[in-house]
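Remarks on the structure that follows.
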Amino acid sequence: MIDARREIELLVRSRLPFLAVHGADEERIEQLLTGAARSLDMPFYVWTLTRGLLRAGSLRALQRGKTLDEALEAAVRMQSEALFLFKDLQRWLDDPATVRRLLDVGRHFGSDRRTLVLAGPDIDLPPTLRHLCATWRLPRPSADDLHALARRVVQDFSLSVPVQVALDDEGFERLVDSLKGMTWTEAEHALRRCVADDLVLSGDDVAGVLEAKRRVLHEGGVLEYVPVEESLGQVGGLENLKRWLMLRRDALTDEARAFGLPPPKGVLLLGVQGCGKSLVAKAIAHDWGLPLLRLEAGRIYDKYIGESDKNLEEALSTAEHMAPCVLMIDEIEKAFAYAGSVDADGGLSRRIFGRLLGWLQDRDAPVFLVATCNDVSQLPPELMRKGRFDEIFFVDLPRPEERRMIFTVHLERRDRDPAAFDLGALAGASADFSGAEIEQAVVAGLYAAFAAGSELTTEVLLQELAATRPLAVTRRESIEALRSWADGRAVSAGAGDEA
């Protein structure tokens with residue numbers, strides 16, 4: 001676990017004149033710097049554009065510290081060790097005169113223990129300042145931090161109104177787990193809203209925190225928090241894949257790590273559209289009791305230089321802080337179709353792809369990746385190398401017995417008794433249908449029965465199946481090419497031997 005204040009203390013002791021702290025939690029950064037200054041027995045000053053330069057704890061600005069120039073001059077004139085936080089300084093980093101002043105400040109600060117801290121969500125330092133500056137990224141709150149934050153929020157409310165904590169130790173752990181991956185400010189706002197709602201902190205608040213997390217991730221635009229309801233038992237077929245997953249169900253726990261098991265990396269699900277690849281990711285998260293995050297690969301790319309790289313870093317960092325979790329990348333080939341070409345987009349896809357490959361290979365956090373792919377010809381070959389994924393599964397069109405199971409699942413989901421239907425006839429009539437196409441046939445049959453004022457029957461479903469041309473017919477050549485590639489290279493997700 002990272003001790004954030006200790007990290008800052010070490011950076012200040014390194015005696016570099018500048019420290020750039022990347023993070024959006026301004027209050028948290030100031031708290032950490034206050035603690036570090038106290039531990040190092042240094043005075044601590046804060047400058048903002050509106051209030052000028054103030055010593056921490058004081059409400060009165062220094063006489064000559066209102067403007068940026070005055071604040072920098074006052075910091076130089078002190079000639080004694082001190083820690084300075086300039087909150088708004090990054091707005092002037094594209095001004096040559098300000099950069100020159102900072103270089104002069106660095107010359108004065110370099111000989112004693114004085115450090116000027118720049119803080120913000122995204123600090124882009126000019127090249128001339130980088131050699132004088134240490135950089136540090138504010139980590140997301142740890143489990144211990146979140147424990148302390150929850151207790152502090154309750155104590156703050158209790159100063160004015162009585163607050164009840166209706167959580168045992170296990171319930172408190174679930175609440176803390178639901179907060180993982182949020183910034184300090186986001187977690188605090190979510191907790192305050194939960195307590196303010198009914199002045200009770202209980203197990204019911206976990207749902208509220210998860211909803212707040214979903215909104216935060218959605219606003220971020222790259223990661224999405226996905227609620228999960230389906231279990232693997234509701235996924236028809238794919239018996240080989242289910243058995244493989246069952247053996248690894250508890251492999252992300254502390255007990256597994258203590259046993260000597262490395263956390264499983266994940267699986268690449270290659271196969272025909274509509275055969276349940278995305279559904280499997282949701283079912284894994286449900287059965288393993290883990291949050292599911294979906295990485296919208298297309299949203300990584302931004303028109304501004306450098307933003308795409310930062311989007312990916314932020315997404316991977318968030319997933320690691322929410323670990324253990326399941327991370328799904330749907331249709332991964334669409335995100336990296338140009339990764340093999342430098343000219344296609346100036347090398348951006350190749351750079352993003354390289355960073356993802358490094359993360360796939362080297363990550364330690366228990367993040368189980370489920371990547372789906374419909375067109376293997378678009379995947380860069382480096383992604384298929386052993387070590388990126390634990391296994392590559394080929395999800396083919398369902399076999400007859402699997403189609404019976406799929407009909408059973410979808411009929412039961414719509415409150416129909418599968419025993420009232422001729423499942424053998426339905427399985428025979430749905431040859432070459434995907435799971436999604438079978439589901440749509442059941443839905444279409446329900447519409448037809450409802451319109452006719454009758455009940456859904458085997459005959460109605462057979463009529464809907466006969467009227468449908470499945471993807472395996474309209475795109476037979478591409479599916480055969482996919483099967484040919486998977487033969488000997490991937491493990492069959494369904495019953496039987498390797499693809």
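Letters A, B, ... mark the chains of the structure tokens in the order given; residue numbers begin at 1 per chain; ligand numbers begin at 1, in order shown.
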
Exercise for the section: Would you list the contacts of region 10-12 of chain A as a PyMOL selection string, taking every protein, DNA or RNA residue within 9 Å and counting only C-alpha atoms, but skipping same-chain residues closer than 6 positions in sequence? Expected result: chain A and resi 18-19+36+83+113-115+134-136

Practice task
May I ask which of the residues A:Glu307, A:Asp364, A:Glu188, A:Asp88 is the closest one to Thr67 (chain A), counting only C-alpha atoms?
Solution key: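 Nearest candidate to Thr67 (chain A) out of A:Glu307, A:Asp364, A:Glu188, A:Asp88: A:Asp88.
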
Exercise for the section: Name the closest residue to Val370 (chain A) among the candidates A:Leu293, A:Ala452, A:Ala281, A:Ala37; distances are taken between atoms, counting only C-alpha atoms. Expected result: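 Looking only at the distances to Val370 (chain A), the closest residue turns out to be A:Ala281.
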
Problem - From A:Ala467, A:Leu327, A:Leu269, A:Leu53, residue lying nearest Arg294 (chain A) [only C-alpha atoms] - result: A:Leu327

Practice task
Using only C-alpha atoms, determine which residues lie at most 7 Å from region 164-178 of chain A, disregarding the query and same-chain residues fewer than 5 positions distant; provide the list as a ChimeraX atom specification.
Solution key: /A:143,146-147,199-203,206,209-210

File dump, residues just selected, N, CA and C atoms, as a PDB file, in the first residue's frame:
ATOM      1  N   ALA A 143      -7.905   1.183   0.740  1.00  0.00           N
ATOM      2  CA  ALA A 143      -8.991   0.690   1.590  1.00  0.00           C
ATOM      3  C   ALA A 143      -8.923   1.319   2.971  1.00  0.00           C
ATOM      4  N   LEU A 146     -10.259   4.824   2.797  1.00  0.00           N
ATOM      5  CA  LEU A 146     -11.710   4.857   2.678  1.00  0.00           C
ATOM      6  C   LEU A 146     -12.393   4.514   4.001  1.00  0.00           C
ATOM      7  N   HIS A 147     -11.802   3.591   4.752  1.00  0.00           N
ATOM      8  CA  HIS A 147     -12.302   3.302   6.098  1.00  0.00           C
ATOM      9  C   HIS A 147     -12.300   4.577   6.937  1.00  0.00           C
ATOM     10  N   LEU A 199     -29.774   9.799   7.609  1.00  0.00           N
ATOM     11  CA  LEU A 199     -28.949   9.832   8.832  1.00  0.00           C
ATOM     12  C   LEU A 199     -28.620   8.420   9.325  1.00  0.00           C
ATOM     13  N   VAL A 200     -28.549   7.486   8.383  1.00  0.00           N
ATOM     14  CA  VAL A 200     -28.175   6.106   8.695  1.00  0.00           C
ATOM     15  C   VAL A 200     -27.190   5.635   7.632  1.00  0.00           C
ATOM     16  N   LEU A 201     -26.111   5.008   8.076  1.00  0.00           N
ATOM     17  CA  LEU A 201     -25.175   4.375   7.151  1.00  0.00           C
ATOM     18  C   LEU A 201     -25.396   2.876   7.267  1.00  0.00           C
ATOM     19  N   SER A 202     -25.960   2.289   6.223  1.00  0.00           N
ATOM     20  CA  SER A 202     -26.358   0.881   6.282  1.00  0.00           C
ATOM     21  C   SER A 202     -25.974   0.165   5.000  1.00  0.00           C
ATOM     22  N   GLY A 203     -26.289  -1.132   4.961  1.00  0.00           N
ATOM     23  CA  GLY A 203     -25.994  -1.928   3.780  1.00  0.00           C
ATOM     24  C   GLY A 203     -26.744  -1.457   2.555  1.00  0.00           C
ATOM     25  N   VAL A 206     -24.888   0.761  -0.113  1.00  0.00           N
ATOM     26  CA  VAL A 206     -23.951   0.244  -1.111  1.00  0.00           C
ATOM     27  C   VAL A 206     -24.485   0.485  -2.513  1.00  0.00           C
ATOM     28  N   VAL A 209     -23.942   4.091  -3.473  1.00  0.00           N
ATOM     29  CA  VAL A 209     -22.547   4.370  -3.820  1.00  0.00           C
ATOM     30  C   VAL A 209     -22.229   3.832  -5.213  1.00  0.00           C
ATOM     31  N   LEU A 210     -22.708   2.637  -5.521  1.00  0.00           N
ATOM     32  CA  LEU A 210     -22.452   2.063  -6.851  1.00  0.00           C
ATOM     33  C   LEU A 210     -23.099   2.901  -7.948  1.00  0.00           C
TER      34      LEU A 210
END

Practice task
Fewer than 5 positions away in the same chain doesn't count, so skip those; otherwise give me all residues within 12 Å of Ile479 (chain A), counting only C-alpha atoms, as a ChimeraX atom specification.
Solution key: /A:270-273,374-377,394-397,432,434,470-474,484-486

Those residues you just picked out, can you put them in a file as a PDB file, in the first residue's frame with N, CA and C atoms?
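out.pdb was written with the following content:
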ATOM      1  N   LEU A 270     -13.085 -15.203 -28.856  1.00  0.00           N
ATOM      2  CA  LEU A 270     -13.127 -15.010 -30.298  1.00  0.00           C
ATOM      3  C   LEU A 270     -14.296 -15.796 -30.852  1.00  0.00           C
ATOM      4  N   GLY A 271     -15.097 -15.183 -31.699  1.00  0.00           N
ATOM      5  CA  GLY A 271     -16.182 -15.980 -32.239  1.00  0.00           C
ATOM      6  C   GLY A 271     -17.210 -15.211 -33.026  1.00  0.00           C
ATOM      7  N   VAL A 272     -18.281 -15.921 -33.317  1.00  0.00           N
ATOM      8  CA  VAL A 272     -19.350 -15.428 -34.170  1.00  0.00           C
ATOM      9  C   VAL A 272     -20.193 -14.421 -33.388  1.00  0.00           C
ATOM     10  N   GLN A 273     -20.621 -13.380 -34.070  1.00  0.00           N
ATOM     11  CA  GLN A 273     -21.470 -12.370 -33.428  1.00  0.00           C
ATOM     12  C   GLN A 273     -22.747 -12.999 -32.885  1.00  0.00           C
ATOM     13  N   ASN A 374     -14.723 -10.272 -32.947  1.00  0.00           N
ATOM     14  CA  ASN A 374     -15.513 -10.894 -34.014  1.00  0.00           C
ATOM     15  C   ASN A 374     -14.711 -11.114 -35.289  1.00  0.00           C
ATOM     16  N   ASP A 375     -13.606 -10.376 -35.450  1.00  0.00           N
ATOM     17  CA  ASP A 375     -12.832 -10.447 -36.695  1.00  0.00           C
ATOM     18  C   ASP A 375     -11.353 -10.538 -36.349  1.00  0.00           C
ATOM     19  N   VAL A 376     -10.847 -11.754 -36.291  1.00  0.00           N
ATOM     20  CA  VAL A 376      -9.467 -11.961 -35.855  1.00  0.00           C
ATOM     21  C   VAL A 376      -8.459 -11.401 -36.845  1.00  0.00           C
ATOM     22  N   SER A 377      -8.856 -11.221 -38.095  1.00  0.00           N
ATOM     23  CA  SER A 377      -7.918 -10.698 -39.100  1.00  0.00           C
ATOM     24  C   SER A 377      -7.513  -9.264 -38.791  1.00  0.00           C
ATOM     25  N   PHE A 394     -12.668 -20.070 -28.516  1.00  0.00           N
ATOM     26  CA  PHE A 394     -13.449 -19.838 -29.720  1.00  0.00           C
ATOM     27  C   PHE A 394     -14.905 -20.157 -29.427  1.00  0.00           C
ATOM     28  N   VAL A 395     -15.764 -19.172 -29.622  1.00  0.00           N
ATOM     29  CA  VAL A 395     -17.198 -19.326 -29.367  1.00  0.00           C
ATOM     30  C   VAL A 395     -17.893 -19.510 -30.708  1.00  0.00           C
ATOM     31  N   ASP A 396     -18.236 -20.747 -30.997  1.00  0.00           N
ATOM     32  CA  ASP A 396     -18.860 -21.077 -32.283  1.00  0.00           C
ATOM     33  C   ASP A 396     -20.377 -21.012 -32.146  1.00  0.00           C
ATOM     34  N   LEU A 397     -21.057 -21.186 -33.267  1.00  0.00           N
ATOM     35  CA  LEU A 397     -22.509 -21.292 -33.225  1.00  0.00           C
ATOM     36  C   LEU A 397     -22.890 -22.497 -32.358  1.00  0.00           C
ATOM     37  N   ASP A 432     -27.602 -23.350 -37.247  1.00  0.00           N
ATOM     38  CA  ASP A 432     -26.847 -22.172 -37.698  1.00  0.00           C
ATOM     39  C   ASP A 432     -27.352 -20.864 -37.096  1.00  0.00           C
ATOM     40  N   SER A 434     -27.454 -18.177 -34.009  1.00  0.00           N
ATOM     41  CA  SER A 434     -26.684 -17.788 -32.819  1.00  0.00           C
ATOM     42  C   SER A 434     -27.628 -17.682 -31.623  1.00  0.00           C
ATOM     43  N   PRO A 470     -30.382 -16.493 -40.770  1.00  0.00           N
ATOM     44  CA  PRO A 470     -29.365 -16.194 -39.751  1.00  0.00           C
ATOM     45  C   PRO A 470     -28.075 -15.660 -40.361  1.00  0.00           C
ATOM     46  N   LEU A 471     -27.240 -15.078 -39.477  1.00  0.00           N
ATOM     47  CA  LEU A 471     -25.959 -14.504 -39.899  1.00  0.00           C
ATOM     48  C   LEU A 471     -25.065 -15.550 -40.543  1.00  0.00           C
ATOM     49  N   ALA A 472     -25.183 -16.798 -40.085  1.00  0.00           N
ATOM     50  CA  ALA A 472     -24.348 -17.869 -40.638  1.00  0.00           C
ATOM     51  C   ALA A 472     -24.635 -18.115 -42.111  1.00  0.00           C
ATOM     52  N   VAL A 473     -25.815 -17.721 -42.579  1.00  0.00           N
ATOM     53  CA  VAL A 473     -26.159 -17.856 -43.993  1.00  0.00           C
ATOM     54  C   VAL A 473     -25.699 -16.628 -44.768  1.00  0.00           C
ATOM     55  N   THR A 474     -25.968 -15.457 -44.233  1.00  0.00           N
ATOM     56  CA  THR A 474     -25.635 -14.221 -44.956  1.00  0.00           C
ATOM     57  C   THR A 474     -24.133 -13.933 -44.935  1.00  0.00           C
ATOM     58  N   SER A 484     -11.674 -21.571 -39.474  1.00  0.00           N
ATOM     59  CA  SER A 484     -10.407 -22.092 -39.982  1.00  0.00           C
ATOM     60  C   SER A 484      -9.233 -21.551 -39.171  1.00  0.00           C
ATOM     61  N   TRP A 485      -9.274 -20.252 -38.835  1.00  0.00           N
ATOM     62  CA  TRP A 485      -8.192 -19.673 -38.040  1.00  0.00           C
ATOM     63  C   TRP A 485      -8.163 -20.295 -36.644  1.00  0.00           C
ATOM     64  N   ALA A 486      -9.329 -20.495 -36.026  1.00  0.00           N
ATOM     65  CA  ALA A 486      -9.397 -20.988 -34.651  1.00  0.00           C
ATOM     66  C   ALA A 486      -8.974 -22.440 -34.535  1.00  0.00           C
TER      67      ALA A 486
END

Find the spatial neighbours of region 309-323 of chain A, counting only C-alpha atoms, within a cut-off of 9 Å - ignore same-chain residues fewer than 5 positions away - and output them as a compact mmCIF listing (two decimals) with N, CA and C atoms, in the first residue's frame.
# COMPACT_ATOMS: atom_id res chain seq x y z
N PRO A 139 -2.41 9.08 -5.81
CA PRO A 139 -3.08 7.78 -5.95
C PRO A 139 -4.53 7.85 -5.50
N ARG A 140 -5.33 6.93 -5.99
CA ARG A 140 -6.68 6.81 -5.48
C ARG A 140 -6.62 6.36 -4.02
N PRO A 141 -7.64 6.67 -3.23
CA PRO A 141 -7.63 6.27 -1.82
C PRO A 141 -7.53 4.76 -1.66
N SER A 142 -6.73 4.34 -0.70
CA SER A 142 -6.62 2.92 -0.38
C SER A 142 -7.81 2.49 0.46
N ASP A 177 -15.55 -1.49 -0.26
CA ASP A 177 -15.29 -2.07 -1.58
C ASP A 177 -16.06 -1.31 -2.66
N SER A 178 -17.27 -0.87 -2.36
CA SER A 178 -18.07 -0.15 -3.34
C SER A 178 -17.48 1.22 -3.65
N LEU A 179 -16.67 1.76 -2.72
CA LEU A 179 -16.05 3.07 -2.93
C LEU A 179 -14.74 2.99 -3.71
N LYS A 180 -14.17 1.82 -3.84
CA LYS A 180 -12.87 1.68 -4.50
C LYS A 180 -12.92 2.18 -5.93
N GLY A 181 -11.85 2.86 -6.32
CA GLY A 181 -11.76 3.40 -7.67
C GLY A 181 -12.20 4.84 -7.77
N MET A 182 -12.89 5.36 -6.75
CA MET A 182 -13.30 6.77 -6.76
C MET A 182 -12.18 7.62 -6.18
N GLY A 220 -16.74 10.35 -17.10
CA GLY A 220 -15.36 10.27 -17.55
C GLY A 220 -15.25 9.86 -19.00
N GLY A 221 -16.22 9.07 -19.47
CA GLY A 221 -16.33 8.79 -20.89
C GLY A 221 -15.58 7.59 -21.41
N VAL A 222 -14.64 7.01 -20.67
CA VAL A 222 -13.85 5.88 -21.17
C VAL A 222 -14.30 4.58 -20.52
N LEU A 223 -14.44 4.59 -19.19
CA LEU A 223 -14.89 3.41 -18.47
C LEU A 223 -16.37 3.54 -18.13
N LEU A 290 -17.86 -9.74 -8.37
CA LEU A 290 -16.93 -8.63 -8.63
C LEU A 290 -17.60 -7.55 -9.45
N PRO A 291 -17.15 -6.30 -9.32
CA PRO A 291 -17.67 -5.24 -10.19
C PRO A 291 -17.21 -5.45 -11.62
N LEU A 293 -16.39 -3.54 -15.18
CA LEU A 293 -16.11 -2.29 -15.88
C LEU A 293 -16.00 -2.59 -17.37
N LEU A 295 -14.56 -1.07 -20.85
CA LEU A 295 -13.70 -0.07 -21.48
C LEU A 295 -14.20 0.16 -22.89
N ALA A 297 -13.37 1.18 -25.98
CA ALA A 297 -12.08 1.42 -26.62
C ALA A 297 -12.13 2.60 -27.59
N ARG A 299 -13.68 5.30 -27.27
CA ARG A 299 -13.67 6.57 -26.56
C ARG A 299 -12.28 6.96 -26.06
N ILE A 300 -11.33 6.07 -26.15
CA ILE A 300 -9.97 6.40 -25.73
C ILE A 300 -9.41 7.53 -26.58
N TYR A 301 -9.74 7.51 -27.86
CA TYR A 301 -9.10 8.42 -28.81
C TYR A 301 -9.71 9.81 -28.72
N ASP A 302 -8.83 10.79 -28.66
CA ASP A 302 -9.22 12.19 -28.52
C ASP A 302 -8.51 12.99 -29.60
N LEU A 348 -0.66 6.85 -33.49
CA LEU A 348 -1.38 6.91 -32.21
C LEU A 348 -1.89 5.54 -31.79
N ARG A 351 0.86 3.36 -30.55
CA ARG A 351 1.35 3.75 -29.23
C ARG A 351 0.38 3.30 -28.14
N ILE A 352 -0.92 3.53 -28.36
CA ILE A 352 -1.93 3.11 -27.40
C ILE A 352 -1.92 1.59 -27.25
N ARG A 355 0.99 0.39 -25.17
CA ARG A 355 0.79 0.59 -23.73
C ARG A 355 -0.14 -0.48 -23.17
N LEU A 356 -1.19 -0.82 -23.91
CA LEU A 356 -2.10 -1.85 -23.45
C LEU A 356 -1.40 -3.20 -23.38
N TRP A 359 0.63 -3.36 -20.27
CA TRP A 359 -0.21 -3.54 -19.08
C TRP A 359 -0.72 -4.98 -19.00
N ARG A 363 0.89 -6.33 -15.46
CA ARG A 363 0.08 -5.87 -14.33
C ARG A 363 0.08 -6.87 -13.18
N ASP A 364 0.06 -6.34 -11.96
CA ASP A 364 -0.01 -7.17 -10.76
C ASP A 364 -1.40 -7.13 -10.12
N ALA A 365 -2.14 -6.06 -10.39
CA ALA A 365 -3.46 -5.91 -9.76
C ALA A 365 -4.39 -7.02 -10.26
N PRO A 366 -5.26 -7.52 -9.37
CA PRO A 366 -6.19 -8.60 -9.76
C PRO A 366 -7.35 -8.08 -10.61
N VAL A 367 -7.03 -7.73 -11.85
CA VAL A 367 -8.04 -7.29 -12.82
C VAL A 367 -8.16 -8.40 -13.86
N PHE A 368 -9.33 -9.02 -13.93
CA PHE A 368 -9.56 -10.11 -14.88
C PHE A 368 -10.14 -9.51 -16.15

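Neighbours of Leu103 (chain A) closer than or equal to 8 Å, with only C-alpha atoms counted and sequence neighbours fewer than 4 positions away skipped, come out as Val99, Arg107 and Leu129 of chain A.
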
Keeping only N, CA and C atoms, write the selected residues to a file as a short mmCIF file (atom, residue, chain, number, x, y, z; two decimals), in the first residue's frame.
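part-v8.cif, written as the output of this step:
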data_model
loop_
_atom_site.label_atom_id
_atom_site.label_comp_id
_atom_site.auth_asym_id
_atom_site.auth_seq_id
_atom_site.Cartn_x
_atom_site.Cartn_y
_atom_site.Cartn_z
N VAL A 99 7.82 31.34 -17.27
CA VAL A 99 8.78 30.24 -17.26
C VAL A 99 10.17 30.75 -16.87
N ARG A 107 16.71 28.40 -9.37
CA ARG A 107 18.13 28.63 -9.03
C ARG A 107 18.27 28.97 -7.55
N LEU A 129 11.71 23.30 -17.84
CA LEU A 129 11.50 23.12 -16.39
C LEU A 129 11.54 21.66 -15.95
#

Practice task
Within region 355-433 of chain A, find each residue whose DSSP state, derived from the backbone, is strand (DSSP E), and express the selection as a PyMOL selection string.
Solution key: chain A and resi 367-373+391-395

Exercise for the section: For CA of Glu239 (chain A) and CA of Leu292 (chain A), determine how far apart the two atoms are, in Å to one decimal place. Expected result: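 Interatomic distance here is 22.0 Å.
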